[in-house]
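Below is upload07.cif, holding mmCIF, all heavy atoms.
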data_my_file
#
loop_
_atom_site.label_atom_id
_atom_site.label_comp_id
_atom_site.auth_asym_id
_atom_site.auth_seq_id
_atom_site.Cartn_x
_atom_site.Cartn_y
_atom_site.Cartn_z
N GLY Y 10 -9.96 -4.84 1.92
CA GLY Y 10 -10.55 -6.09 1.54
C GLY Y 10 -11.81 -5.90 0.72
O GLY Y 10 -12.01 -6.60 -0.26
N TRP Y 11 -12.66 -4.96 1.10
CA TRP Y 11 -13.92 -4.74 0.40
C TRP Y 11 -13.66 -4.40 -1.07
O TRP Y 11 -14.28 -4.98 -1.96
CB TRP Y 11 -14.70 -3.60 1.07
CG TRP Y 11 -15.90 -3.18 0.28
CD1 TRP Y 11 -17.14 -3.75 0.31
CD2 TRP Y 11 -15.97 -2.12 -0.68
NE1 TRP Y 11 -17.98 -3.10 -0.56
CE2 TRP Y 11 -17.28 -2.11 -1.20
CE3 TRP Y 11 -15.06 -1.22 -1.17
CZ2 TRP Y 11 -17.69 -1.20 -2.16
CZ3 TRP Y 11 -15.47 -0.31 -2.14
CH2 TRP Y 11 -16.78 -0.30 -2.62
N LEU Y 12 -12.73 -3.50 -1.33
CA LEU Y 12 -12.47 -3.07 -2.71
C LEU Y 12 -11.94 -4.23 -3.54
O LEU Y 12 -12.32 -4.38 -4.70
CB LEU Y 12 -11.50 -1.90 -2.74
CG LEU Y 12 -11.30 -1.28 -4.11
CD1 LEU Y 12 -12.61 -0.72 -4.66
CD2 LEU Y 12 -10.26 -0.19 -4.06
N GLU Y 13 -11.10 -5.04 -2.96
CA GLU Y 13 -10.57 -6.20 -3.70
C GLU Y 13 -11.70 -7.15 -4.09
O GLU Y 13 -11.66 -7.74 -5.15
CB GLU Y 13 -9.52 -6.93 -2.86
CG GLU Y 13 -8.81 -8.03 -3.60
CD GLU Y 13 -8.09 -7.58 -4.86
OE1 GLU Y 13 -7.59 -6.45 -4.93
OE2 GLU Y 13 -8.04 -8.39 -5.81
N ASP Y 14 -12.73 -7.26 -3.25
CA ASP Y 14 -13.88 -8.10 -3.59
C ASP Y 14 -14.70 -7.48 -4.71
O ASP Y 14 -15.22 -8.18 -5.57
CB ASP Y 14 -14.77 -8.31 -2.36
CG ASP Y 14 -14.12 -9.18 -1.31
OD1 ASP Y 14 -13.17 -9.93 -1.64
OD2 ASP Y 14 -14.56 -9.11 -0.14
N VAL Y 15 -14.85 -6.16 -4.69
CA VAL Y 15 -15.69 -5.47 -5.67
C VAL Y 15 -14.96 -5.28 -7.01
O VAL Y 15 -15.55 -5.46 -8.07
CB VAL Y 15 -16.14 -4.10 -5.11
CG1 VAL Y 15 -16.91 -3.30 -6.14
CG2 VAL Y 15 -17.00 -4.30 -3.87
N LEU Y 16 -13.69 -4.90 -6.95
CA LEU Y 16 -12.91 -4.65 -8.17
C LEU Y 16 -11.60 -5.44 -8.11
O LEU Y 16 -10.51 -4.87 -7.98
CB LEU Y 16 -12.61 -3.16 -8.31
CG LEU Y 16 -13.81 -2.23 -8.46
CD1 LEU Y 16 -13.40 -0.78 -8.37
CD2 LEU Y 16 -14.50 -2.50 -9.79
N PRO Y 17 -11.66 -6.75 -8.22
CA PRO Y 17 -10.44 -7.55 -8.11
C PRO Y 17 -9.41 -7.20 -9.18
O PRO Y 17 -9.76 -6.98 -10.33
CB PRO Y 17 -10.93 -8.98 -8.27
CG PRO Y 17 -12.25 -8.89 -8.92
CD PRO Y 17 -12.82 -7.54 -8.56
N GLY Y 18 -8.16 -7.08 -8.76
CA GLY Y 18 -7.08 -6.81 -9.71
C GLY Y 18 -6.91 -5.37 -10.12
O GLY Y 18 -6.05 -5.06 -10.95
N GLU Y 19 -7.69 -4.46 -9.57
CA GLU Y 19 -7.59 -3.05 -9.94
C GLU Y 19 -6.66 -2.30 -8.99
O GLU Y 19 -6.75 -2.49 -7.77
CB GLU Y 19 -8.97 -2.38 -9.92
CG GLU Y 19 -9.91 -2.86 -10.99
CD GLU Y 19 -9.44 -2.51 -12.38
OE1 GLU Y 19 -8.92 -1.39 -12.60
OE2 GLU Y 19 -9.57 -3.36 -13.27
N PRO Y 20 -5.80 -1.43 -9.52
CA PRO Y 20 -4.98 -0.59 -8.64
C PRO Y 20 -5.85 0.48 -8.00
O PRO Y 20 -6.93 0.81 -8.50
CB PRO Y 20 -3.96 0.03 -9.59
CG PRO Y 20 -4.62 0.01 -10.92
CD PRO Y 20 -5.53 -1.19 -10.92
N VAL Y 21 -5.38 1.01 -6.87
CA VAL Y 21 -6.12 2.05 -6.16
C VAL Y 21 -5.19 3.25 -5.99
O VAL Y 21 -4.02 3.07 -5.67
CB VAL Y 21 -6.59 1.56 -4.78
CG1 VAL Y 21 -7.36 2.62 -4.04
CG2 VAL Y 21 -7.42 0.29 -4.92
N VAL Y 22 -5.70 4.45 -6.21
CA VAL Y 22 -4.92 5.66 -6.00
C VAL Y 22 -5.63 6.54 -4.98
O VAL Y 22 -6.84 6.46 -4.80
CB VAL Y 22 -4.69 6.46 -7.30
CG1 VAL Y 22 -3.87 5.66 -8.30
CG2 VAL Y 22 -5.99 6.88 -7.93
N LEU Y 23 -4.84 7.36 -4.31
CA LEU Y 23 -5.41 8.36 -3.41
C LEU Y 23 -4.52 9.59 -3.42
O LEU Y 23 -3.34 9.51 -3.74
CB LEU Y 23 -5.59 7.82 -1.99
CG LEU Y 23 -4.37 7.49 -1.14
CD1 LEU Y 23 -3.77 8.75 -0.53
CD2 LEU Y 23 -4.79 6.57 -0.03
N ALA Y 24 -5.10 10.71 -3.07
CA ALA Y 24 -4.34 11.95 -2.98
C ALA Y 24 -4.67 12.61 -1.65
O ALA Y 24 -5.80 12.57 -1.18
CB ALA Y 24 -4.70 12.89 -4.13
N THR Y 25 -3.65 13.20 -1.05
CA THR Y 25 -3.82 13.96 0.18
C THR Y 25 -2.76 15.05 0.21
O THR Y 25 -1.77 14.98 -0.50
CB THR Y 25 -3.71 13.05 1.42
OG1 THR Y 25 -4.08 13.80 2.58
CG2 THR Y 25 -2.32 12.49 1.60
N GLN Y 26 -2.99 16.05 1.01
CA GLN Y 26 -1.98 17.10 1.15
C GLN Y 26 -0.80 16.56 1.95
O GLN Y 26 -0.98 15.80 2.91
CB GLN Y 26 -2.57 18.32 1.86
CG GLN Y 26 -3.59 19.04 1.02
CD GLN Y 26 -4.07 20.31 1.67
OE1 GLN Y 26 -3.63 20.70 2.75
NE2 GLN Y 26 -5.01 20.98 1.01
N THR Y 27 0.40 16.96 1.55
CA THR Y 27 1.59 16.49 2.28
C THR Y 27 1.59 16.99 3.71
O THR Y 27 2.21 16.38 4.58
CB THR Y 27 2.87 16.94 1.57
OG1 THR Y 27 2.88 18.37 1.45
CG2 THR Y 27 3.01 16.31 0.20
N ALA Y 28 0.88 18.06 4.00
CA ALA Y 28 0.78 18.57 5.37
C ALA Y 28 -0.05 17.65 6.26
O ALA Y 28 0.03 17.72 7.48
CB ALA Y 28 0.19 19.97 5.37
N ASN Y 29 -0.83 16.77 5.66
CA ASN Y 29 -1.69 15.86 6.42
C ASN Y 29 -0.91 14.58 6.72
O ASN Y 29 -1.10 13.52 6.11
CB ASN Y 29 -2.96 15.56 5.63
CG ASN Y 29 -3.99 14.86 6.47
OD1 ASN Y 29 -3.69 14.26 7.49
ND2 ASN Y 29 -5.24 14.92 6.02
N ILE Y 30 -0.03 14.66 7.69
CA ILE Y 30 0.86 13.56 8.04
C ILE Y 30 0.08 12.31 8.46
O ILE Y 30 0.44 11.19 8.09
CB ILE Y 30 1.83 13.99 9.17
CG1 ILE Y 30 2.68 15.18 8.72
CG2 ILE Y 30 2.71 12.83 9.61
CD1 ILE Y 30 3.52 14.95 7.50
N ARG Y 31 -1.00 12.49 9.19
CA ARG Y 31 -1.80 11.33 9.63
C ARG Y 31 -2.35 10.54 8.44
O ARG Y 31 -2.33 9.32 8.42
CB ARG Y 31 -2.94 11.77 10.53
CG ARG Y 31 -2.51 12.15 11.91
CD ARG Y 31 -3.71 12.59 12.70
NE ARG Y 31 -3.49 12.31 14.10
CZ ARG Y 31 -4.35 12.63 15.04
NH1 ARG Y 31 -5.50 13.20 14.72
NH2 ARG Y 31 -4.08 12.36 16.30
N SER Y 32 -2.84 11.25 7.42
CA SER Y 32 -3.37 10.56 6.24
C SER Y 32 -2.27 9.84 5.49
O SER Y 32 -2.47 8.72 4.98
CB SER Y 32 -4.06 11.56 5.31
OG SER Y 32 -5.28 11.97 5.86
N MET Y 33 -1.09 10.45 5.41
CA MET Y 33 0.01 9.81 4.71
C MET Y 33 0.47 8.56 5.46
O MET Y 33 0.78 7.54 4.85
CB MET Y 33 1.16 10.80 4.51
CG MET Y 33 0.78 11.89 3.50
SD MET Y 33 2.06 13.12 3.26
CE MET Y 33 3.36 12.16 2.52
N ARG Y 34 0.49 8.60 6.79
CA ARG Y 34 0.84 7.42 7.59
C ARG Y 34 -0.18 6.30 7.40
O ARG Y 34 0.18 5.13 7.27
CB ARG Y 34 0.93 7.78 9.07
CG ARG Y 34 2.24 8.34 9.46
CD ARG Y 34 2.36 8.37 10.99
NE ARG Y 34 3.25 9.45 11.34
CZ ARG Y 34 3.00 10.40 12.23
NH1 ARG Y 34 1.89 10.40 12.91
NH2 ARG Y 34 3.87 11.35 12.45
N LEU Y 35 -1.46 6.66 7.42
CA LEU Y 35 -2.50 5.67 7.21
C LEU Y 35 -2.37 5.04 5.83
O LEU Y 35 -2.50 3.82 5.67
CB LEU Y 35 -3.89 6.29 7.39
CG LEU Y 35 -5.06 5.36 7.14
CD1 LEU Y 35 -5.01 4.14 8.07
CD2 LEU Y 35 -6.37 6.11 7.29
N ALA Y 36 -2.13 5.85 4.82
CA ALA Y 36 -1.96 5.34 3.46
C ALA Y 36 -0.82 4.32 3.42
O ALA Y 36 -0.95 3.25 2.81
CB ALA Y 36 -1.70 6.48 2.49
N ALA Y 37 0.29 4.62 4.08
CA ALA Y 37 1.43 3.70 4.12
C ALA Y 37 1.03 2.38 4.80
O ALA Y 37 1.37 1.30 4.33
CB ALA Y 37 2.62 4.34 4.81
N LYS Y 38 0.28 2.47 5.90
CA LYS Y 38 -0.16 1.26 6.61
C LYS Y 38 -1.08 0.42 5.73
O LYS Y 38 -1.13 -0.81 5.87
CB LYS Y 38 -0.90 1.63 7.90
CG LYS Y 38 0.02 2.08 9.00
CD LYS Y 38 -0.77 2.38 10.26
CE LYS Y 38 0.14 2.89 11.36
NZ LYS Y 38 -0.60 3.18 12.59
N LEU Y 39 -1.82 1.07 4.85
CA LEU Y 39 -2.74 0.36 3.96
C LEU Y 39 -2.06 -0.15 2.69
O LEU Y 39 -2.71 -0.72 1.82
CB LEU Y 39 -3.92 1.27 3.59
CG LEU Y 39 -4.84 1.62 4.76
CD1 LEU Y 39 -5.88 2.65 4.32
CD2 LEU Y 39 -5.51 0.38 5.33
N GLY Y 40 -0.74 0.09 2.58
CA GLY Y 40 0.01 -0.45 1.45
C GLY Y 40 0.21 0.49 0.28
O GLY Y 40 0.65 0.06 -0.78
N PHE Y 41 -0.11 1.77 0.45
CA PHE Y 41 0.10 2.73 -0.63
C PHE Y 41 1.56 3.17 -0.66
O PHE Y 41 2.19 3.33 0.38
CB PHE Y 41 -0.79 3.97 -0.44
CG PHE Y 41 -2.24 3.71 -0.73
CD1 PHE Y 41 -3.07 3.18 0.24
CD2 PHE Y 41 -2.77 3.98 -1.97
CE1 PHE Y 41 -4.41 2.94 -0.01
CE2 PHE Y 41 -4.10 3.74 -2.24
CZ PHE Y 41 -4.93 3.21 -1.26
N THR Y 42 2.07 3.38 -1.86
CA THR Y 42 3.41 3.93 -2.03
C THR Y 42 3.31 5.21 -2.85
O THR Y 42 2.36 5.40 -3.63
CB THR Y 42 4.35 2.94 -2.75
OG1 THR Y 42 3.77 2.60 -4.01
CG2 THR Y 42 4.56 1.68 -1.93
N GLU Y 43 4.28 6.08 -2.66
CA GLU Y 43 4.25 7.37 -3.36
C GLU Y 43 4.42 7.17 -4.85
O GLU Y 43 5.36 6.52 -5.31
CB GLU Y 43 5.35 8.28 -2.83
CG GLU Y 43 5.32 9.65 -3.47
CD GLU Y 43 6.32 10.61 -2.86
OE1 GLU Y 43 6.43 10.65 -1.61
OE2 GLU Y 43 6.97 11.30 -3.63
N ALA Y 44 3.51 7.75 -5.61
CA ALA Y 44 3.59 7.72 -7.06
C ALA Y 44 4.04 9.08 -7.60
O ALA Y 44 4.74 9.16 -8.61
CB ALA Y 44 2.24 7.35 -7.66
N GLU Y 45 3.63 10.15 -6.90
CA GLU Y 45 3.93 11.50 -7.39
C GLU Y 45 3.63 12.52 -6.31
O GLU Y 45 2.78 12.29 -5.45
CB GLU Y 45 3.07 11.78 -8.62
CG GLU Y 45 3.28 13.10 -9.28
CD GLU Y 45 2.38 13.30 -10.50
OE1 GLU Y 45 1.74 12.34 -10.95
OE2 GLU Y 45 2.32 14.44 -10.97
N ARG Y 46 4.32 13.64 -6.39
CA ARG Y 46 3.98 14.83 -5.59
C ARG Y 46 3.71 15.95 -6.58
O ARG Y 46 4.37 16.05 -7.61
CB ARG Y 46 5.12 15.22 -4.65
CG ARG Y 46 5.25 14.24 -3.50
CD ARG Y 46 6.24 14.69 -2.47
NE ARG Y 46 6.41 13.63 -1.49
CZ ARG Y 46 6.53 13.83 -0.20
NH1 ARG Y 46 6.51 15.05 0.29
NH2 ARG Y 46 6.67 12.81 0.62
N PHE Y 47 2.74 16.76 -6.25
CA PHE Y 47 2.37 17.86 -7.14
C PHE Y 47 1.76 18.98 -6.32
O PHE Y 47 1.48 18.83 -5.14
CB PHE Y 47 1.41 17.37 -8.23
CG PHE Y 47 0.12 16.79 -7.71
CD1 PHE Y 47 -1.02 17.58 -7.64
CD2 PHE Y 47 0.04 15.47 -7.28
CE1 PHE Y 47 -2.22 17.05 -7.16
CE2 PHE Y 47 -1.15 14.93 -6.80
CZ PHE Y 47 -2.27 15.72 -6.75
N ARG Y 48 1.56 20.09 -6.95
CA ARG Y 48 0.98 21.25 -6.28
C ARG Y 48 -0.40 21.53 -6.88
O ARG Y 48 -0.56 21.62 -8.08
CB ARG Y 48 1.88 22.47 -6.43
CG ARG Y 48 1.39 23.67 -5.67
CD ARG Y 48 2.54 24.35 -4.94
NE ARG Y 48 2.06 25.51 -4.22
CZ ARG Y 48 1.87 25.53 -2.91
NH1 ARG Y 48 2.15 24.48 -2.20
NH2 ARG Y 48 1.42 26.60 -2.31
N ALA Y 49 -1.40 21.62 -6.02
CA ALA Y 49 -2.77 21.92 -6.45
C ALA Y 49 -3.50 22.56 -5.28
O ALA Y 49 -3.18 22.29 -4.13
CB ALA Y 49 -3.49 20.65 -6.90
N TRP Y 50 -4.47 23.36 -5.57
CA TRP Y 50 -5.28 24.04 -4.55
C TRP Y 50 -4.40 24.78 -3.54
O TRP Y 50 -4.64 24.74 -2.33
CB TRP Y 50 -6.22 23.06 -3.84
CG TRP Y 50 -7.12 22.35 -4.80
CD1 TRP Y 50 -8.20 22.87 -5.44
CD2 TRP Y 50 -7.01 21.00 -5.24
NE1 TRP Y 50 -8.75 21.93 -6.26
CE2 TRP Y 50 -8.04 20.77 -6.14
CE3 TRP Y 50 -6.12 19.96 -4.96
CZ2 TRP Y 50 -8.23 19.55 -6.77
CZ3 TRP Y 50 -6.31 18.75 -5.58
CH2 TRP Y 50 -7.36 18.56 -6.47
N ASP Y 51 -3.33 25.39 -4.06
CA ASP Y 51 -2.40 26.18 -3.24
C ASP Y 51 -1.73 25.37 -2.14
O ASP Y 51 -1.38 25.91 -1.09
CB ASP Y 51 -3.10 27.40 -2.63
CG ASP Y 51 -3.56 28.39 -3.69
OD1 ASP Y 51 -2.83 28.56 -4.69
OD2 ASP Y 51 -4.63 28.98 -3.52
N ALA Y 52 -1.54 24.06 -2.36
CA ALA Y 52 -0.88 23.22 -1.36
C ALA Y 52 -0.16 22.07 -2.06
O ALA Y 52 -0.56 21.64 -3.15
CB ALA Y 52 -1.90 22.66 -0.38
N ASP Y 53 0.89 21.57 -1.41
CA ASP Y 53 1.59 20.40 -1.94
C ASP Y 53 0.74 19.16 -1.70
O ASP Y 53 0.18 18.97 -0.62
CB ASP Y 53 2.95 20.24 -1.25
CG ASP Y 53 3.90 21.38 -1.60
OD1 ASP Y 53 3.81 21.90 -2.72
OD2 ASP Y 53 4.73 21.73 -0.74
N GLN Y 54 0.65 18.32 -2.72
CA GLN Y 54 -0.19 17.12 -2.68
C GLN Y 54 0.67 15.88 -2.82
O GLN Y 54 1.76 15.91 -3.41
CB GLN Y 54 -1.21 17.14 -3.82
CG GLN Y 54 -2.06 18.39 -3.90
CD GLN Y 54 -3.02 18.54 -2.75
OE1 GLN Y 54 -3.63 17.57 -2.31
NE2 GLN Y 54 -3.20 19.75 -2.27
N TRP Y 55 0.18 14.77 -2.30
CA TRP Y 55 0.84 13.47 -2.38
C TRP Y 55 -0.12 12.50 -3.06
O TRP Y 55 -1.27 12.37 -2.66
CB TRP Y 55 1.15 12.99 -0.97
CG TRP Y 55 1.90 11.71 -0.86
CD1 TRP Y 55 3.25 11.56 -0.88
CD2 TRP Y 55 1.36 10.40 -0.66
NE1 TRP Y 55 3.59 10.24 -0.71
CE2 TRP Y 55 2.43 9.50 -0.57
CE3 TRP Y 55 0.06 9.90 -0.55
CZ2 TRP Y 55 2.26 8.14 -0.39
CZ3 TRP Y 55 -0.10 8.54 -0.37
CH2 TRP Y 55 0.98 7.69 -0.28
N LEU Y 56 0.36 11.83 -4.10
CA LEU Y 56 -0.44 10.85 -4.81
C LEU Y 56 0.11 9.47 -4.48
O LEU Y 56 1.30 9.20 -4.70
CB LEU Y 56 -0.39 11.08 -6.32
CG LEU Y 56 -1.21 10.13 -7.18
CD1 LEU Y 56 -2.71 10.36 -6.94
CD2 LEU Y 56 -0.88 10.31 -8.65
N GLY Y 57 -0.72 8.62 -3.93
CA GLY Y 57 -0.31 7.27 -3.55
C GLY Y 57 -0.96 6.23 -4.43
O GLY Y 57 -2.06 6.42 -4.95
N LEU Y 58 -0.27 5.11 -4.61
CA LEU Y 58 -0.76 4.01 -5.42
C LEU Y 58 -0.65 2.73 -4.63
O LEU Y 58 0.37 2.46 -3.98
CB LEU Y 58 0.09 3.88 -6.70
CG LEU Y 58 -0.14 2.63 -7.55
CD1 LEU Y 58 -1.53 2.67 -8.19
CD2 LEU Y 58 0.93 2.52 -8.61
N ARG Y 59 -1.70 1.94 -4.66
CA ARG Y 59 -1.66 0.58 -4.10
C ARG Y 59 -1.88 -0.37 -5.26
O ARG Y 59 -2.93 -0.36 -5.90
CB ARG Y 59 -2.72 0.37 -3.03
CG ARG Y 59 -2.48 -0.95 -2.28
CD ARG Y 59 -3.52 -1.21 -1.24
NE ARG Y 59 -4.71 -1.69 -1.97
CZ ARG Y 59 -5.90 -1.81 -1.41
NH1 ARG Y 59 -6.10 -1.44 -0.18
NH2 ARG Y 59 -6.91 -2.25 -2.10
N ALA Y 60 -0.86 -1.16 -5.52
CA ALA Y 60 -0.93 -2.10 -6.63
C ALA Y 60 -1.99 -3.16 -6.34
O ALA Y 60 -2.29 -3.45 -5.18
CB ALA Y 60 0.43 -2.75 -6.85
N PRO Y 61 -2.54 -3.75 -7.39
CA PRO Y 61 -3.54 -4.79 -7.17
C PRO Y 61 -2.95 -5.99 -6.44
O PRO Y 61 -1.76 -6.30 -6.60
CB PRO Y 61 -4.00 -5.17 -8.58
CG PRO Y 61 -3.10 -4.49 -9.53
CD PRO Y 61 -2.28 -3.49 -8.78
N VAL Y 62 -3.77 -6.65 -5.68
CA VAL Y 62 -3.37 -7.87 -5.00
C VAL Y 62 -3.36 -8.98 -6.03
O VAL Y 62 -4.31 -9.14 -6.78
CB VAL Y 62 -4.37 -8.21 -3.85
CG1 VAL Y 62 -4.01 -9.53 -3.21
CG2 VAL Y 62 -4.39 -7.09 -2.84
N THR Y 63 -2.26 -9.70 -6.07
CA THR Y 63 -2.18 -10.82 -7.03
C THR Y 63 -2.03 -12.12 -6.27
O THR Y 63 -1.40 -12.18 -5.22
CB THR Y 63 -0.97 -10.66 -7.98
OG1 THR Y 63 0.22 -10.58 -7.19
CG2 THR Y 63 -1.11 -9.40 -8.82
N SER Y 64 -2.64 -13.13 -6.79
CA SER Y 64 -2.49 -14.46 -6.19
C SER Y 64 -1.67 -15.31 -7.14
O SER Y 64 -1.96 -15.38 -8.34
CB SER Y 64 -3.85 -15.08 -5.91
OG SER Y 64 -4.59 -15.18 -7.11
N ASP Y 65 -0.65 -15.93 -6.61
CA ASP Y 65 0.23 -16.76 -7.45
C ASP Y 65 -0.19 -18.19 -7.46
O ASP Y 65 -0.70 -18.75 -6.62
CB ASP Y 65 1.68 -16.65 -6.95
CG ASP Y 65 2.21 -15.24 -7.11
OD1 ASP Y 65 1.78 -14.55 -8.04
OD2 ASP Y 65 3.06 -14.84 -6.29
#

Since I need it in another form, could you write the structure as structure tokens?
Amino acid sequence: GWLEDVLPGEPVVLATQTANIRSMRLAAKLGFTEAERFRAWDADQWLGLRAPVTSD
């Protein structure tokens, strides 16, 4: 909610290691969906995207 107030209409991205199951579960609960998987820092990474909230 805070981010939507500060940056209305902006998408949000996050990255976490795929081994961090708790972070990936939390991201899903917060509305993030997988955008990409990649390898960095010698570990598999997960990139999540939360689309902007739109009001119709």

Can you list, as a short mmCIF file (atom, residue, chain, number, x, y, z; two decimals) with all heavy atoms, in the coordinates of the input, the residues that the PyMOL selection byres (((chain Y and resi 13 and name CA) around 12) and name CA) selects here?
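Output contents, as saved in part_5.cif:
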data_model
loop_
_atom_site.label_atom_id
_atom_site.label_comp_id
_atom_site.auth_asym_id
_atom_site.auth_seq_id
_atom_site.Cartn_x
_atom_site.Cartn_y
_atom_site.Cartn_z
N GLY Y 10 -9.96 -4.84 1.92
CA GLY Y 10 -10.55 -6.09 1.54
C GLY Y 10 -11.81 -5.90 0.72
O GLY Y 10 -12.01 -6.60 -0.26
N TRP Y 11 -12.66 -4.96 1.10
CA TRP Y 11 -13.92 -4.74 0.40
C TRP Y 11 -13.66 -4.40 -1.07
O TRP Y 11 -14.28 -4.98 -1.96
CB TRP Y 11 -14.70 -3.60 1.07
CG TRP Y 11 -15.90 -3.18 0.28
CD1 TRP Y 11 -17.14 -3.75 0.31
CD2 TRP Y 11 -15.97 -2.12 -0.68
NE1 TRP Y 11 -17.98 -3.10 -0.56
CE2 TRP Y 11 -17.28 -2.11 -1.20
CE3 TRP Y 11 -15.06 -1.22 -1.17
CZ2 TRP Y 11 -17.69 -1.20 -2.16
CZ3 TRP Y 11 -15.47 -0.31 -2.14
CH2 TRP Y 11 -16.78 -0.30 -2.62
N LEU Y 12 -12.73 -3.50 -1.33
CA LEU Y 12 -12.47 -3.07 -2.71
C LEU Y 12 -11.94 -4.23 -3.54
O LEU Y 12 -12.32 -4.38 -4.70
CB LEU Y 12 -11.50 -1.90 -2.74
CG LEU Y 12 -11.30 -1.28 -4.11
CD1 LEU Y 12 -12.61 -0.72 -4.66
CD2 LEU Y 12 -10.26 -0.19 -4.06
N ASP Y 14 -12.73 -7.26 -3.25
CA ASP Y 14 -13.88 -8.10 -3.59
C ASP Y 14 -14.70 -7.48 -4.71
O ASP Y 14 -15.22 -8.18 -5.57
CB ASP Y 14 -14.77 -8.31 -2.36
CG ASP Y 14 -14.12 -9.18 -1.31
OD1 ASP Y 14 -13.17 -9.93 -1.64
OD2 ASP Y 14 -14.56 -9.11 -0.14
N VAL Y 15 -14.85 -6.16 -4.69
CA VAL Y 15 -15.69 -5.47 -5.67
C VAL Y 15 -14.96 -5.28 -7.01
O VAL Y 15 -15.55 -5.46 -8.07
CB VAL Y 15 -16.14 -4.10 -5.11
CG1 VAL Y 15 -16.91 -3.30 -6.14
CG2 VAL Y 15 -17.00 -4.30 -3.87
N LEU Y 16 -13.69 -4.90 -6.95
CA LEU Y 16 -12.91 -4.65 -8.17
C LEU Y 16 -11.60 -5.44 -8.11
O LEU Y 16 -10.51 -4.87 -7.98
CB LEU Y 16 -12.61 -3.16 -8.31
CG LEU Y 16 -13.81 -2.23 -8.46
CD1 LEU Y 16 -13.40 -0.78 -8.37
CD2 LEU Y 16 -14.50 -2.50 -9.79
N PRO Y 17 -11.66 -6.75 -8.22
CA PRO Y 17 -10.44 -7.55 -8.11
C PRO Y 17 -9.41 -7.20 -9.18
O PRO Y 17 -9.76 -6.98 -10.33
CB PRO Y 17 -10.93 -8.98 -8.27
CG PRO Y 17 -12.25 -8.89 -8.92
CD PRO Y 17 -12.82 -7.54 -8.56
N GLY Y 18 -8.16 -7.08 -8.76
CA GLY Y 18 -7.08 -6.81 -9.71
C GLY Y 18 -6.91 -5.37 -10.12
O GLY Y 18 -6.05 -5.06 -10.95
N GLU Y 19 -7.69 -4.46 -9.57
CA GLU Y 19 -7.59 -3.05 -9.94
C GLU Y 19 -6.66 -2.30 -8.99
O GLU Y 19 -6.75 -2.49 -7.77
CB GLU Y 19 -8.97 -2.38 -9.92
CG GLU Y 19 -9.91 -2.86 -10.99
CD GLU Y 19 -9.44 -2.51 -12.38
OE1 GLU Y 19 -8.92 -1.39 -12.60
OE2 GLU Y 19 -9.57 -3.36 -13.27
N PRO Y 20 -5.80 -1.43 -9.52
CA PRO Y 20 -4.98 -0.59 -8.64
C PRO Y 20 -5.85 0.48 -8.00
O PRO Y 20 -6.93 0.81 -8.50
CB PRO Y 20 -3.96 0.03 -9.59
CG PRO Y 20 -4.62 0.01 -10.92
CD PRO Y 20 -5.53 -1.19 -10.92
N VAL Y 21 -5.38 1.01 -6.87
CA VAL Y 21 -6.12 2.05 -6.16
C VAL Y 21 -5.19 3.25 -5.99
O VAL Y 21 -4.02 3.07 -5.67
CB VAL Y 21 -6.59 1.56 -4.78
CG1 VAL Y 21 -7.36 2.62 -4.04
CG2 VAL Y 21 -7.42 0.29 -4.92
N ARG Y 59 -1.70 1.94 -4.66
CA ARG Y 59 -1.66 0.58 -4.10
C ARG Y 59 -1.88 -0.37 -5.26
O ARG Y 59 -2.93 -0.36 -5.90
CB ARG Y 59 -2.72 0.37 -3.03
CG ARG Y 59 -2.48 -0.95 -2.28
CD ARG Y 59 -3.52 -1.21 -1.24
NE ARG Y 59 -4.71 -1.69 -1.97
CZ ARG Y 59 -5.90 -1.81 -1.41
NH1 ARG Y 59 -6.10 -1.44 -0.18
NH2 ARG Y 59 -6.91 -2.25 -2.10
N ALA Y 60 -0.86 -1.16 -5.52
CA ALA Y 60 -0.93 -2.10 -6.63
C ALA Y 60 -1.99 -3.16 -6.34
O ALA Y 60 -2.29 -3.45 -5.18
CB ALA Y 60 0.43 -2.75 -6.85
N PRO Y 61 -2.54 -3.75 -7.39
CA PRO Y 61 -3.54 -4.79 -7.17
C PRO Y 61 -2.95 -5.99 -6.44
O PRO Y 61 -1.76 -6.30 -6.60
CB PRO Y 61 -4.00 -5.17 -8.58
CG PRO Y 61 -3.10 -4.49 -9.53
CD PRO Y 61 -2.28 -3.49 -8.78
N VAL Y 62 -3.77 -6.65 -5.68
CA VAL Y 62 -3.37 -7.87 -5.00
C VAL Y 62 -3.36 -8.98 -6.03
O VAL Y 62 -4.31 -9.14 -6.78
CB VAL Y 62 -4.37 -8.21 -3.85
CG1 VAL Y 62 -4.01 -9.53 -3.21
CG2 VAL Y 62 -4.39 -7.09 -2.84
N THR Y 63 -2.26 -9.70 -6.07
CA THR Y 63 -2.18 -10.82 -7.03
C THR Y 63 -2.03 -12.12 -6.27
O THR Y 63 -1.40 -12.18 -5.22
CB THR Y 63 -0.97 -10.66 -7.98
OG1 THR Y 63 0.22 -10.58 -7.19
CG2 THR Y 63 -1.11 -9.40 -8.82
N SER Y 64 -2.64 -13.13 -6.79
CA SER Y 64 -2.49 -14.46 -6.19
C SER Y 64 -1.67 -15.31 -7.14
O SER Y 64 -1.96 -15.38 -8.34
CB SER Y 64 -3.85 -15.08 -5.91
OG SER Y 64 -4.59 -15.18 -7.11
#

Item to complete: Taking the file as shown, find all residues satisfying the PyMOL selection byres (((chain Y and resi 24-34 and name CA) around 12) and name CA) and write them as a PyMOL selection string.
Response: chain Y and resi 21-23+35-59

Discussion item. I need the strand (DSSP E or B) residues of range 10-48 of chain Y per DSSP on the backbone, written as a list in words.
Written reply: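 Going through range 10-48 of chain Y, the strand (DSSP E or B) residues come out as Val21, Val22, Leu23, Ala24, Thr25, Gln26, Thr42, Glu43, Ala44, Glu45, Arg46, Phe47 and Arg48 of chain Y.
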
Item to complete: Apply DSSP to the backbone of this structure and, from chain Y, keep only the residues in alpha helix (DSSP H); write these as a ChimeraX atom specification.
Response: /Y:11-15,30-38
